[in-house]
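The next block is target32.pdb, given as PDB, C-alpha atoms.
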```
MODEL        1
ATOM      1  CA  MET A   1     -87.992 -99.257 -31.622  1.00  0.00           C
ATOM      2  CA  LYS A   2     -84.236 -99.833 -31.671  1.00  0.00           C
ATOM      3  CA  ILE A   3     -81.581 -97.224 -32.297  1.00  0.00           C
ATOM      4  CA  THR A   4     -77.830 -97.257 -32.839  1.00  0.00           C
ATOM      5  CA  THR A   5     -75.495 -94.829 -31.105  1.00  0.00           C
ATOM      6  CA  ILE A   6     -71.746 -94.351 -31.329  1.00  0.00           C
ATOM      7  CA  TYR A   7     -69.596 -93.935 -28.223  1.00  0.00           C
ATOM      8  CA  MET A   8     -65.787 -94.006 -28.124  1.00  0.00           C
ATOM      9  CA  ASP A   9     -65.685 -95.116 -31.798  1.00  0.00           C
ATOM     10  CA  ALA A  10     -67.825 -98.177 -31.063  1.00  0.00           C
ATOM     11  CA  GLN A  11     -71.423 -98.829 -32.103  1.00  0.00           C
ATOM     12  CA  TYR A  12     -74.071 -99.703 -29.552  1.00  0.00           C
ATOM     13  CA  SER A  13     -77.722-100.646 -29.949  1.00  0.00           C
ATOM     14  CA  CYS A  14     -80.488 -99.489 -27.596  1.00  0.00           C
ATOM     15  CA  ASP A  15     -83.990-100.895 -27.360  1.00  0.00           C
ATOM     16  CA  LEU A  16     -86.290 -97.957 -26.630  1.00  0.00           C
ATOM     17  CA  THR A  17     -89.153-100.321 -25.791  1.00  0.00           C
ATOM     18  CA  LYS A  18     -87.287-101.384 -22.631  1.00  0.00           C
ATOM     19  CA  PRO A  19     -86.896 -98.254 -20.484  1.00  0.00           C
ATOM     20  CA  ILE A  20     -85.571 -98.434 -16.925  1.00  0.00           C
ATOM     21  CA  ASP A  21     -87.201 -95.712 -14.850  1.00  0.00           C
ATOM     22  CA  ILE A  22     -84.914 -94.734 -11.954  1.00  0.00           C
ATOM     23  CA  SER A  23     -87.098 -91.973 -10.521  1.00  0.00           C
ATOM     24  CA  ILE A  24     -89.031 -92.008  -7.255  1.00  0.00           C
ATOM     25  CA  PRO A  25     -92.608 -90.693  -7.501  1.00  0.00           C
ATOM     26  CA  VAL A  26     -93.155 -87.279  -5.943  1.00  0.00           C
ATOM     27  CA  GLY A  27     -94.295 -87.581  -2.346  1.00  0.00           C
ATOM     28  CA  GLN A  28     -92.838 -90.999  -1.544  1.00  0.00           C
ATOM     29  CA  VAL A  29     -89.688 -89.625   0.069  1.00  0.00           C
ATOM     30  CA  LYS A  30     -88.879 -86.502   2.033  1.00  0.00           C
ATOM     31  CA  CYS A  31     -85.799 -84.624   3.195  1.00  0.00           C
ATOM     32  CA  PHE A  32     -84.748 -81.321   4.768  1.00  0.00           C
ATOM     33  CA  HIS A  33     -88.144 -81.044   6.495  1.00  0.00           C
ATOM     34  CA  ALA A  34     -89.665 -79.950   3.199  1.00  0.00           C
ATOM     35  CA  THR A  35     -93.361 -79.221   2.917  1.00  0.00           C
ATOM     36  CA  ASP A  36     -95.294 -82.432   2.330  1.00  0.00           C
ATOM     37  CA  TYR A  37     -96.472 -83.040  -1.220  1.00  0.00           C
ATOM     38  CA  LYS A  38    -100.207 -82.398  -1.534  1.00  0.00           C
ATOM     39  CA  ALA A  39    -102.694 -82.748  -4.398  1.00  0.00           C
ATOM     40  CA  GLN A  40    -106.240 -81.540  -3.901  1.00  0.00           C
ATOM     41  CA  PRO A  41    -109.166 -80.548  -6.128  1.00  0.00           C
ATOM     42  CA  TYR A  42    -109.381 -76.890  -7.078  1.00  0.00           C
ATOM     43  CA  THR A  43    -112.457 -75.338  -5.486  1.00  0.00           C
ATOM     44  CA  ALA A  44    -114.380 -72.240  -6.602  1.00  0.00           C
ATOM     45  CA  GLY A  45    -117.896 -71.669  -5.371  1.00  0.00           C
ATOM     46  CA  ASP A  46    -119.894 -74.824  -6.028  1.00  0.00           C
ATOM     47  CA  PHE A  47    -117.198 -76.242  -8.291  1.00  0.00           C
ATOM     48  CA  ILE A  48    -114.915 -78.934  -6.837  1.00  0.00           C
ATOM     49  CA  GLY A  49    -112.418 -80.240  -9.396  1.00  0.00           C
ATOM     50  CA  SER A  50    -112.986 -83.923  -8.793  1.00  0.00           C
ATOM     51  CA  VAL A  51    -114.944 -86.390 -10.884  1.00  0.00           C
ATOM     52  CA  LYS A  52    -115.711 -88.242  -7.645  1.00  0.00           C
ATOM     53  CA  LYS A  53    -117.326 -85.041  -6.350  1.00  0.00           C
ATOM     54  CA  GLY A  54    -119.451 -84.635  -9.473  1.00  0.00           C
ATOM     55  CA  ALA A  55    -117.192 -82.485 -11.679  1.00  0.00           C
ATOM     56  CA  PRO A  56    -116.800 -83.390 -15.379  1.00  0.00           C
ATOM     57  CA  VAL A  57    -112.995 -83.420 -14.997  1.00  0.00           C
ATOM     58  CA  ASN A  58    -110.304 -83.810 -12.370  1.00  0.00           C
ATOM     59  CA  PHE A  59    -108.744 -80.358 -11.877  1.00  0.00           C
ATOM     60  CA  TYR A  60    -106.173 -80.424  -9.079  1.00  0.00           C
ATOM     61  CA  ASP A  61    -103.833 -77.978  -7.348  1.00  0.00           C
ATOM     62  CA  ILE A  62    -100.535 -79.346  -6.068  1.00  0.00           C
ATOM     63  CA  THR A  63     -98.123 -78.206  -3.359  1.00  0.00           C
ATOM     64  CA  MET A  64     -94.571 -79.514  -3.436  1.00  0.00           C
ATOM     65  CA  ASN A  65     -90.892 -78.758  -2.989  1.00  0.00           C
ATOM     66  CA  PRO A  66     -88.773 -80.172  -5.845  1.00  0.00           C
ATOM     67  CA  HIS A  67     -85.698 -80.609  -3.640  1.00  0.00           C
ATOM     68  CA  GLY A  68     -87.486 -82.316  -0.785  1.00  0.00           C
ATOM     69  CA  ASN A  69     -90.279 -84.463  -2.212  1.00  0.00           C
ATOM     70  CA  GLY A  70     -88.698 -86.870  -4.704  1.00  0.00           C
ATOM     71  CA  THR A  71     -86.368 -87.309  -7.658  1.00  0.00           C
ATOM     72  CA  HIS A  72     -85.330 -83.919  -8.997  1.00  0.00           C
ATOM     73  CA  THR A  73     -82.783 -82.342 -11.319  1.00  0.00           C
ATOM     74  CA  GLU A  74     -81.104 -79.073 -10.408  1.00  0.00           C
ATOM     75  CA  GLY A  75     -78.859 -76.578 -12.176  1.00  0.00           C
ATOM     76  CA  LEU A  76     -76.381 -74.005 -10.955  1.00  0.00           C
ATOM     77  CA  GLY A  77     -79.283 -71.670 -10.132  1.00  0.00           C
ATOM     78  CA  HIS A  78     -79.639 -73.757  -6.985  1.00  0.00           C
ATOM     79  CA  ILE A  79     -76.698 -71.866  -5.459  1.00  0.00           C
ATOM     80  CA  THR A  80     -76.650 -68.498  -7.284  1.00  0.00           C
ATOM     81  CA  LYS A  81     -78.431 -65.205  -6.672  1.00  0.00           C
ATOM     82  CA  LYS A  82     -79.566 -65.134 -10.284  1.00  0.00           C
ATOM     83  CA  GLN A  83     -81.293 -68.506  -9.732  1.00  0.00           C
ATOM     84  CA  GLU A  84     -80.944 -69.673 -13.335  1.00  0.00           C
ATOM     85  CA  SER A  85     -83.802 -72.053 -14.080  1.00  0.00           C
ATOM     86  CA  ILE A  86     -83.276 -75.701 -14.915  1.00  0.00           C
ATOM     87  CA  ASN A  87     -85.421 -75.026 -17.982  1.00  0.00           C
ATOM     88  CA  SER A  88     -82.885 -72.494 -19.255  1.00  0.00           C
ATOM     89  CA  VAL A  89     -79.711 -74.520 -18.637  1.00  0.00           C
ATOM     90  CA  LEU A  90     -80.751 -78.068 -19.557  1.00  0.00           C
ATOM     91  CA  LYS A  91     -81.003 -77.971 -23.345  1.00  0.00           C
ATOM     92  CA  GLU A  92     -80.035 -81.549 -24.204  1.00  0.00           C
ATOM     93  CA  PHE A  93     -81.791 -84.578 -22.756  1.00  0.00           C
ATOM     94  CA  HIS A  94     -79.948 -87.699 -23.941  1.00  0.00           C
ATOM     95  CA  PHE A  95     -76.494 -88.705 -22.722  1.00  0.00           C
ATOM     96  CA  VAL A  96     -74.228 -91.703 -22.487  1.00  0.00           C
ATOM     97  CA  GLY A  97     -74.104 -92.582 -18.809  1.00  0.00           C
ATOM     98  CA  GLN A  98     -72.266 -95.082 -16.683  1.00  0.00           C
ATOM     99  CA  LEU A  99     -73.960 -96.770 -13.737  1.00  0.00           C
ATOM    100  CA  ILE A 100     -71.637 -97.692 -10.880  1.00  0.00           C
ATOM    101  CA  SER A 101     -72.259 -99.160  -7.428  1.00  0.00           C
ATOM    102  CA  VAL A 102     -70.084 -97.910  -4.563  1.00  0.00           C
ATOM    103  CA  GLU A 103     -69.486 -98.852  -0.955  1.00  0.00           C
ATOM    104  CA  LEU A 104     -69.673 -95.996   1.530  1.00  0.00           C
ATOM    105  CA  LYS A 105     -66.777 -95.070   3.832  1.00  0.00           C
ATOM    106  CA  THR A 106     -67.371 -94.143   7.457  1.00  0.00           C
ATOM    107  CA  THR A 107     -65.416 -91.115   8.678  1.00  0.00           C
ATOM    108  CA  ALA A 108     -63.989 -90.599  12.149  1.00  0.00           C
ATOM    109  CA  LYS A 109     -67.030 -88.433  12.930  1.00  0.00           C
ATOM    110  CA  GLY A 110     -69.424 -91.181  11.900  1.00  0.00           C
ATOM    111  CA  ASP A 111     -70.480 -89.707   8.551  1.00  0.00           C
ATOM    112  CA  HIS A 112     -70.935 -92.019   5.564  1.00  0.00           C
ATOM    113  CA  ILE A 113     -69.369 -90.665   2.391  1.00  0.00           C
ATOM    114  CA  ILE A 114     -68.697 -91.504  -1.249  1.00  0.00           C
ATOM    115  CA  THR A 115     -64.957 -91.253  -1.786  1.00  0.00           C
ATOM    116  CA  LYS A 116     -62.758 -90.657  -4.800  1.00  0.00           C
ATOM    117  CA  SER A 117     -61.181 -94.066  -4.242  1.00  0.00           C
ATOM    118  CA  ALA A 118     -64.571 -95.814  -4.344  1.00  0.00           C
ATOM    119  CA  ILE A 119     -65.462 -94.095  -7.612  1.00  0.00           C
ATOM    120  CA  LYS A 120     -62.116 -94.903  -9.215  1.00  0.00           C
ATOM    121  CA  THR A 121     -62.450 -98.566  -8.193  1.00  0.00           C
ATOM    122  CA  ALA A 122     -65.963 -98.805  -9.675  1.00  0.00           C
ATOM    123  CA  CYS A 123     -65.165 -96.827 -12.818  1.00  0.00           C
ATOM    124  CA  GLU A 124     -61.834 -98.040 -14.163  1.00  0.00           C
ATOM    125  CA  LYS A 125     -62.232 -96.718 -17.705  1.00  0.00           C
ATOM    126  CA  GLU A 126     -62.782 -93.182 -18.991  1.00  0.00           C
ATOM    127  CA  MET A 127     -66.057 -91.768 -17.727  1.00  0.00           C
ATOM    128  CA  PRO A 128     -68.792 -90.604 -20.085  1.00  0.00           C
ATOM    129  CA  GLU A 129     -70.464 -87.226 -19.550  1.00  0.00           C
ATOM    130  CA  ALA A 130     -73.095 -88.708 -17.216  1.00  0.00           C
ATOM    131  CA  LEU A 131     -72.453 -90.775 -14.104  1.00  0.00           C
ATOM    132  CA  ILE A 132     -75.141 -92.614 -12.140  1.00  0.00           C
ATOM    133  CA  ILE A 133     -74.063 -93.605  -8.612  1.00  0.00           C
ATOM    134  CA  ARG A 134     -75.855 -96.347  -6.690  1.00  0.00           C
ATOM    135  CA  THR A 135     -74.798 -96.583  -3.048  1.00  0.00           C
ATOM    136  CA  LEU A 136     -74.562 -99.856  -1.156  1.00  0.00           C
ATOM    137  CA  PRO A 137     -76.412-101.346   0.595  1.00  0.00           C
ATOM    138  CA  ASN A 138     -79.236-100.732  -1.862  1.00  0.00           C
ATOM    139  CA  THR A 139     -82.538-101.485  -0.141  1.00  0.00           C
ATOM    140  CA  LYS A 140     -86.126-100.561  -1.000  1.00  0.00           C
ATOM    141  CA  THR A 141     -86.227 -98.273   2.048  1.00  0.00           C
ATOM    142  CA  LYS A 142     -84.744 -95.642  -0.282  1.00  0.00           C
ATOM    143  CA  LEU A 143     -88.174 -95.454  -1.932  1.00  0.00           C
ATOM    144  CA  THR A 144     -90.103 -94.312   1.147  1.00  0.00           C
ATOM    145  CA  ARG A 145     -87.693 -92.716   3.609  1.00  0.00           C
ATOM    146  CA  ASP A 146     -87.881 -89.419   5.465  1.00  0.00           C
ATOM    147  CA  TYR A 147     -84.221 -88.384   5.468  1.00  0.00           C
ATOM    148  CA  SER A 148     -84.748 -85.280   7.623  1.00  0.00           C
ATOM    149  CA  ASP A 149     -82.311 -85.076  10.569  1.00  0.00           C
ATOM    150  CA  THR A 150     -80.711 -88.439   9.714  1.00  0.00           C
ATOM    151  CA  ASN A 151     -77.372 -87.109   8.384  1.00  0.00           C
ATOM    152  CA  PRO A 152     -77.596 -89.109   5.119  1.00  0.00           C
ATOM    153  CA  PRO A 153     -74.492 -90.127   3.159  1.00  0.00           C
ATOM    154  CA  TYR A 154     -72.973 -87.545   0.824  1.00  0.00           C
ATOM    155  CA  LEU A 155     -70.134 -86.978  -1.624  1.00  0.00           C
ATOM    156  CA  ASP A 156     -66.645 -86.185  -0.367  1.00  0.00           C
ATOM    157  CA  LYS A 157     -65.219 -82.931  -1.769  1.00  0.00           C
ATOM    158  CA  GLY A 158     -62.249 -84.771  -3.247  1.00  0.00           C
ATOM    159  CA  ALA A 159     -64.592 -87.171  -5.018  1.00  0.00           C
ATOM    160  CA  MET A 160     -66.576 -84.308  -6.518  1.00  0.00           C
ATOM    161  CA  GLN A 161     -63.424 -82.563  -7.728  1.00  0.00           C
ATOM    162  CA  TYR A 162     -62.342 -85.830  -9.329  1.00  0.00           C
ATOM    163  CA  LEU A 163     -65.652 -86.089 -11.229  1.00  0.00           C
ATOM    164  CA  VAL A 164     -65.285 -82.519 -12.481  1.00  0.00           C
ATOM    165  CA  ASP A 165     -61.701 -83.205 -13.565  1.00  0.00           C
ATOM    166  CA  GLN A 166     -62.948 -86.292 -15.438  1.00  0.00           C
ATOM    167  CA  GLY A 167     -65.465 -84.179 -17.360  1.00  0.00           C
ATOM    168  CA  VAL A 168     -68.671 -85.469 -15.771  1.00  0.00           C
ATOM    169  CA  LYS A 169     -71.442 -83.006 -16.651  1.00  0.00           C
ATOM    170  CA  HIS A 170     -74.508 -84.821 -15.329  1.00  0.00           C
ATOM    171  CA  LEU A 171     -74.337 -86.518 -11.948  1.00  0.00           C
ATOM    172  CA  LEU A 172     -77.143 -88.716 -10.614  1.00  0.00           C
ATOM    173  CA  ILE A 173     -77.178 -90.072  -7.052  1.00  0.00           C
ATOM    174  CA  ASP A 174     -79.598 -91.992  -4.843  1.00  0.00           C
ATOM    175  CA  LEU A 175     -79.108 -89.599  -1.912  1.00  0.00           C
ATOM    176  CA  PRO A 176     -80.879 -86.369  -0.875  1.00  0.00           C
ATOM    177  CA  SER A 177     -77.825 -84.234  -1.592  1.00  0.00           C
ATOM    178  CA  VAL A 178     -74.217 -84.331  -2.735  1.00  0.00           C
ATOM    179  CA  ASP A 179     -73.420 -82.342   0.427  1.00  0.00           C
ATOM    180  CA  ARG A 180     -73.810 -83.001   4.137  1.00  0.00           C
ATOM    181  CA  GLU A 181     -77.312 -82.349   5.489  1.00  0.00           C
ATOM    182  CA  VAL A 182     -75.977 -79.750   7.958  1.00  0.00           C
ATOM    183  CA  ASP A 183     -72.788 -78.019   6.795  1.00  0.00           C
ATOM    184  CA  LYS A 184     -73.355 -74.380   7.834  1.00  0.00           C
ATOM    185  CA  GLY A 185     -74.455 -73.509   4.301  1.00  0.00           C
ATOM    186  CA  LYS A 186     -71.103 -74.251   2.664  1.00  0.00           C
ATOM    187  CA  LEU A 187     -72.466 -76.685   0.030  1.00  0.00           C
ATOM    188  CA  ALA A 188     -68.880 -77.344  -0.970  1.00  0.00           C
ATOM    189  CA  SER A 189     -69.550 -80.152  -3.450  1.00  0.00           C
ATOM    190  CA  HIS A 190     -72.304 -78.165  -5.174  1.00  0.00           C
ATOM    191  CA  HIS A 191     -69.893 -75.242  -5.623  1.00  0.00           C
ATOM    192  CA  ILE A 192     -67.122 -77.513  -6.893  1.00  0.00           C
ATOM    193  CA  PHE A 193     -69.429 -79.180  -9.403  1.00  0.00           C
ATOM    194  CA  TRP A 194     -70.611 -75.906 -10.950  1.00  0.00           C
ATOM    195  CA  ASN A 195     -67.302 -74.094 -10.441  1.00  0.00           C
ATOM    196  CA  VAL A 196     -69.046 -71.360  -8.485  1.00  0.00           C
ATOM    197  CA  GLU A 197     -67.397 -69.387  -5.683  1.00  0.00           C
ATOM    198  CA  ASN A 198     -69.175 -67.367  -3.004  1.00  0.00           C
ATOM    199  CA  LYS A 199     -72.540 -68.307  -4.539  1.00  0.00           C
ATOM    200  CA  LYS A 200     -71.934 -65.971  -7.489  1.00  0.00           C
ATOM    201  CA  ALA A 201     -71.737 -67.489 -10.946  1.00  0.00           C
ATOM    202  CA  LYS A 202     -68.444 -66.705 -12.679  1.00  0.00           C
ATOM    203  CA  ASP A 203     -67.853 -66.587 -16.413  1.00  0.00           C
ATOM    204  CA  ASN A 204     -66.311 -70.054 -16.235  1.00  0.00           C
ATOM    205  CA  SER A 205     -69.122 -71.646 -14.251  1.00  0.00           C
ATOM    206  CA  ARG A 206     -70.370 -74.976 -15.626  1.00  0.00           C
ATOM    207  CA  LYS A 207     -73.814 -73.709 -16.589  1.00  0.00           C
ATOM    208  CA  ASP A 208     -74.779 -76.694 -18.731  1.00  0.00           C
ATOM    209  CA  CYS A 209     -74.204 -79.247 -15.967  1.00  0.00           C
ATOM    210  CA  THR A 210     -76.838 -80.823 -13.725  1.00  0.00           C
ATOM    211  CA  ILE A 211     -77.195 -82.813 -10.521  1.00  0.00           C
ATOM    212  CA  THR A 212     -80.058 -85.267 -10.108  1.00  0.00           C
ATOM    213  CA  GLU A 213     -80.759 -86.436  -6.562  1.00  0.00           C
ATOM    214  CA  LEU A 214     -83.000 -89.046  -4.907  1.00  0.00           C
ATOM    215  CA  ILE A 215     -82.977 -91.609  -7.704  1.00  0.00           C
ATOM    216  CA  TYR A 216     -83.398 -95.332  -7.086  1.00  0.00           C
ATOM    217  CA  VAL A 217     -81.734 -98.015  -9.198  1.00  0.00           C
ATOM    218  CA  PRO A 218     -83.123-101.507  -8.450  1.00  0.00           C
ATOM    219  CA  PRO A 219     -80.543-104.187  -7.554  1.00  0.00           C
ATOM    220  CA  ARG A 220     -81.444-106.209 -10.666  1.00  0.00           C
ATOM    221  CA  ILE A 221     -80.020-103.474 -12.903  1.00  0.00           C
ATOM    222  CA  LYS A 222     -76.374-104.220 -13.632  1.00  0.00           C
ATOM    223  CA  ASP A 223     -73.548-101.693 -13.623  1.00  0.00           C
ATOM    224  CA  GLY A 224     -72.443-100.581 -17.066  1.00  0.00           C
ATOM    225  CA  LEU A 225     -73.119 -98.195 -19.925  1.00  0.00           C
ATOM    226  CA  TYR A 226     -76.616 -96.854 -20.562  1.00  0.00           C
ATOM    227  CA  LEU A 227     -78.298 -94.297 -22.728  1.00  0.00           C
ATOM    228  CA  LEU A 228     -79.688 -91.778 -20.247  1.00  0.00           C
ATOM    229  CA  ASN A 229     -82.749 -89.626 -20.858  1.00  0.00           C
ATOM    230  CA  ILE A 230     -83.400 -86.869 -18.286  1.00  0.00           C
ATOM    231  CA  GLN A 231     -87.015 -85.709 -18.482  1.00  0.00           C
ATOM    232  CA  VAL A 232     -87.989 -82.473 -16.744  1.00  0.00           C
ATOM    233  CA  PRO A 233     -91.071 -80.222 -16.958  1.00  0.00           C
ATOM    234  CA  SER A 234     -90.593 -76.679 -18.265  1.00  0.00           C
ATOM    235  CA  LEU A 235     -90.476 -74.978 -14.869  1.00  0.00           C
ATOM    236  CA  GLU A 236     -88.660 -71.688 -14.459  1.00  0.00           C
ATOM    237  CA  LEU A 237     -87.079 -72.781 -11.171  1.00  0.00           C
ATOM    238  CA  ASP A 238     -83.587 -73.802 -10.125  1.00  0.00           C
ATOM    239  CA  ALA A 239     -84.825 -77.409  -9.899  1.00  0.00           C
ATOM    240  CA  ALA A 240     -87.718 -79.506 -11.104  1.00  0.00           C
ATOM    241  CA  PRO A 241     -89.135 -82.954 -10.437  1.00  0.00           C
ATOM    242  CA  SER A 242     -87.572 -85.286 -12.976  1.00  0.00           C
ATOM    243  CA  LYS A 243     -87.796 -88.731 -14.522  1.00  0.00           C
ATOM    244  CA  PRO A 244     -84.365 -90.077 -15.473  1.00  0.00           C
ATOM    245  CA  VAL A 245     -84.699 -93.157 -17.685  1.00  0.00           C
ATOM    246  CA  LEU A 246     -81.984 -95.636 -18.688  1.00  0.00           C
ATOM    247  CA  TYR A 247     -81.708 -97.790 -21.792  1.00  0.00           C
ATOM    248  CA  LYS A 248     -79.161-100.603 -21.878  1.00  0.00           C
ATOM    249  CA  MET A 249     -76.386-100.112 -24.433  1.00  0.00           C
ATOM    250  CA  LYS A 250     -75.321-103.333 -26.174  1.00  0.00           C
ATOM    251  CA  LEU A 251     -72.057-103.380 -28.099  1.00  0.00           C
ATOM    252  CA  LYS A 252     -72.628-104.227 -31.760  1.00  0.00           C
ATOM    253  CA  LYS A 253     -70.209-106.717 -33.240  1.00  0.00           C
TER     254      LYS A 253
ENDMDL
END
```
Could you express the structure from this file as structure tokens?
Amino acid sequence: MKITTIYMDAQYSCDLTKPIDISIPVGQVKCFHATDYKAQPYTAGDFIGSVKKGAPVNFYDITMNPHGNGTHTEGLGHITKKQESINSVLKEFHFVGQLISVELKTTAKGDHIITKSAIKTACEKEMPEALIIRTLPNTKTKLTRDYSDTNPPYLDKGAMQYLVDQGVKHLLIDLPSVDREVDKGKLASHHIFWNVENKKAKDNSRKDCTITELIYVPPRIKDGLYLLNIQVPSLELDAAPSKPVLYKMKLKK
């Protein structure tokens, strides 16, 4: 199936039979010392929910932490007392997104960060409402890492403010967090992105905006414009495991 979409007064075609899945399966990566992902048959009396164990169906319980076990999408409830669910704030699921690749900068303290300058260099034209950031180097180790206690790269506060000023509403990164792993609970970039102060949502907070973390974009996928589909289950939590999918946008002549 092919569709046509209009962006910036130009027509683009998208082939929906050629999706590019940029999610990491739950349980392949870990961060923040989260509980390990587990899936095991439900057991009650003589019943064990496994066809291998003789049951007519597979009937499994799972244990997981959305933030720490794989690709996930979070809303402003991640940093507010009200804990608005991702199911209540994400009401649209298709966006025009731009994929960019950025080099990390090393700070005087040895941290590796995404800077405003790197984003501006990679994204010369006006940004669409969704931005997908691939950090370099881009190796397959991103698919299986335990990031706990490794001080992973993160987004500089100035870079995040720049994205907000440019109107980016949906940010996707291949890192565990937009903030430093240990920052004394400040979560500065999270607060900037949702326009939330002191962890209390204000009337002008950006409630319809999302952050998706721990994606992986294979090196073969070129930078450029894509139709982005963010798929999330209907969980009443601040975050949920997600499957962001890209479709190449080709300019129609």
Go ahead and compute the interatomic distance for CA of Asp36 in chain A and CA of Asp146 in chain A, in Å to one decimal.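 That distance, rounded to one decimal, is 10.7 Å.
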Find the residues around Ile221 in chain A up to 12 Å (only C-alpha atoms counted), leave out those fewer than 2 positions away in its own chain, and share them as a list in words.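 Those residues are Pro19, Ile20, Asp21, Ile22, Leu99, Ile100, Ser101, Ile132, Arg134, Asn138, Tyr216, Val217, Pro218, Pro219, Asp223, Gly224, Leu225, Tyr226, Leu246, Tyr247 and Lys248 of chain A.
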Shell around range 167-181 of chain A at 9 Å using only C-alpha atoms, local window under 4 positions removed, as a ChimeraX atom specification: /A:30-32,67-68,70-71,73,95,97,111,127-135,142,147-157,160,162-163,186-190,193,206,208-217,244
Restricting the output to C-alpha atoms, write the selected residues as a PDB file, in the coordinates of the input.
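Done, and the output landed in part01.pdb:
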```pdb
ATOM      1  CA  LYS A  30     -88.879 -86.502   2.033  1.00  0.00           C
ATOM      2  CA  CYS A  31     -85.799 -84.624   3.195  1.00  0.00           C
ATOM      3  CA  PHE A  32     -84.748 -81.321   4.768  1.00  0.00           C
ATOM      4  CA  HIS A  67     -85.698 -80.609  -3.640  1.00  0.00           C
ATOM      5  CA  GLY A  68     -87.486 -82.316  -0.785  1.00  0.00           C
ATOM      6  CA  GLY A  70     -88.698 -86.870  -4.704  1.00  0.00           C
ATOM      7  CA  THR A  71     -86.368 -87.309  -7.658  1.00  0.00           C
ATOM      8  CA  THR A  73     -82.783 -82.342 -11.319  1.00  0.00           C
ATOM      9  CA  PHE A  95     -76.494 -88.705 -22.722  1.00  0.00           C
ATOM     10  CA  GLY A  97     -74.104 -92.582 -18.809  1.00  0.00           C
ATOM     11  CA  ASP A 111     -70.480 -89.707   8.551  1.00  0.00           C
ATOM     12  CA  MET A 127     -66.057 -91.768 -17.727  1.00  0.00           C
ATOM     13  CA  PRO A 128     -68.792 -90.604 -20.085  1.00  0.00           C
ATOM     14  CA  GLU A 129     -70.464 -87.226 -19.550  1.00  0.00           C
ATOM     15  CA  ALA A 130     -73.095 -88.708 -17.216  1.00  0.00           C
ATOM     16  CA  LEU A 131     -72.453 -90.775 -14.104  1.00  0.00           C
ATOM     17  CA  ILE A 132     -75.141 -92.614 -12.140  1.00  0.00           C
ATOM     18  CA  ILE A 133     -74.063 -93.605  -8.612  1.00  0.00           C
ATOM     19  CA  ARG A 134     -75.855 -96.347  -6.690  1.00  0.00           C
ATOM     20  CA  THR A 135     -74.798 -96.583  -3.048  1.00  0.00           C
ATOM     21  CA  LYS A 142     -84.744 -95.642  -0.282  1.00  0.00           C
ATOM     22  CA  TYR A 147     -84.221 -88.384   5.468  1.00  0.00           C
ATOM     23  CA  SER A 148     -84.748 -85.280   7.623  1.00  0.00           C
ATOM     24  CA  ASP A 149     -82.311 -85.076  10.569  1.00  0.00           C
ATOM     25  CA  THR A 150     -80.711 -88.439   9.714  1.00  0.00           C
ATOM     26  CA  ASN A 151     -77.372 -87.109   8.384  1.00  0.00           C
ATOM     27  CA  PRO A 152     -77.596 -89.109   5.119  1.00  0.00           C
ATOM     28  CA  PRO A 153     -74.492 -90.127   3.159  1.00  0.00           C
ATOM     29  CA  TYR A 154     -72.973 -87.545   0.824  1.00  0.00           C
ATOM     30  CA  LEU A 155     -70.134 -86.978  -1.624  1.00  0.00           C
ATOM     31  CA  ASP A 156     -66.645 -86.185  -0.367  1.00  0.00           C
ATOM     32  CA  LYS A 157     -65.219 -82.931  -1.769  1.00  0.00           C
ATOM     33  CA  MET A 160     -66.576 -84.308  -6.518  1.00  0.00           C
ATOM     34  CA  TYR A 162     -62.342 -85.830  -9.329  1.00  0.00           C
ATOM     35  CA  LEU A 163     -65.652 -86.089 -11.229  1.00  0.00           C
ATOM     36  CA  LYS A 186     -71.103 -74.251   2.664  1.00  0.00           C
ATOM     37  CA  LEU A 187     -72.466 -76.685   0.030  1.00  0.00           C
ATOM     38  CA  ALA A 188     -68.880 -77.344  -0.970  1.00  0.00           C
ATOM     39  CA  SER A 189     -69.550 -80.152  -3.450  1.00  0.00           C
ATOM     40  CA  HIS A 190     -72.304 -78.165  -5.174  1.00  0.00           C
ATOM     41  CA  PHE A 193     -69.429 -79.180  -9.403  1.00  0.00           C
ATOM     42  CA  ARG A 206     -70.370 -74.976 -15.626  1.00  0.00           C
ATOM     43  CA  ASP A 208     -74.779 -76.694 -18.731  1.00  0.00           C
ATOM     44  CA  CYS A 209     -74.204 -79.247 -15.967  1.00  0.00           C
ATOM     45  CA  THR A 210     -76.838 -80.823 -13.725  1.00  0.00           C
ATOM     46  CA  ILE A 211     -77.195 -82.813 -10.521  1.00  0.00           C
ATOM     47  CA  THR A 212     -80.058 -85.267 -10.108  1.00  0.00           C
ATOM     48  CA  GLU A 213     -80.759 -86.436  -6.562  1.00  0.00           C
ATOM     49  CA  LEU A 214     -83.000 -89.046  -4.907  1.00  0.00           C
ATOM     50  CA  ILE A 215     -82.977 -91.609  -7.704  1.00  0.00           C
ATOM     51  CA  TYR A 216     -83.398 -95.332  -7.086  1.00  0.00           C
ATOM     52  CA  VAL A 217     -81.734 -98.015  -9.198  1.00  0.00           C
ATOM     53  CA  PRO A 244     -84.365 -90.077 -15.473  1.00  0.00           C
TER      54      PRO A 244
END
```
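Picture a line from CA of Gln166 in chain A to CA of Ser234 in chain A; it runs 29.4 Å.
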Would you work out the distance separating CA of Lys125 in chain A from CA of Arg220 in chain A, expressed in Å to one decimal? 22.6 Å
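Proximity to Asn229 in chain A was assessed for A:Val245, A:Ile3, A:Ile86, A:Ile24 counting all atoms listed in the file; the smallest distance is recorded for A:Val245.
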Please identify all polymer residues within 9 Å of Phe93 in chain A, counting only C-alpha atoms, omitting same-chain residues fewer than 4 positions from it, and present them as a PyMOL selection string. chain A and resi 228-232
Close residues, Gly49 in chain A itself excluded, 6 Å, all atoms listed in the file, min 4 positions apart in chain, as a PyMOL selection string: chain A and resi 41-42+55+58-59
Rank nothing, just name the residue among A:Ala122, A:Val96, A:Val89, A:Val196 nearest to Thr5 in chain A, using all atoms listed in the file.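 Once distances to Thr5 in chain A are computed over all atoms listed in the file, the minimum belongs to A:Val96.
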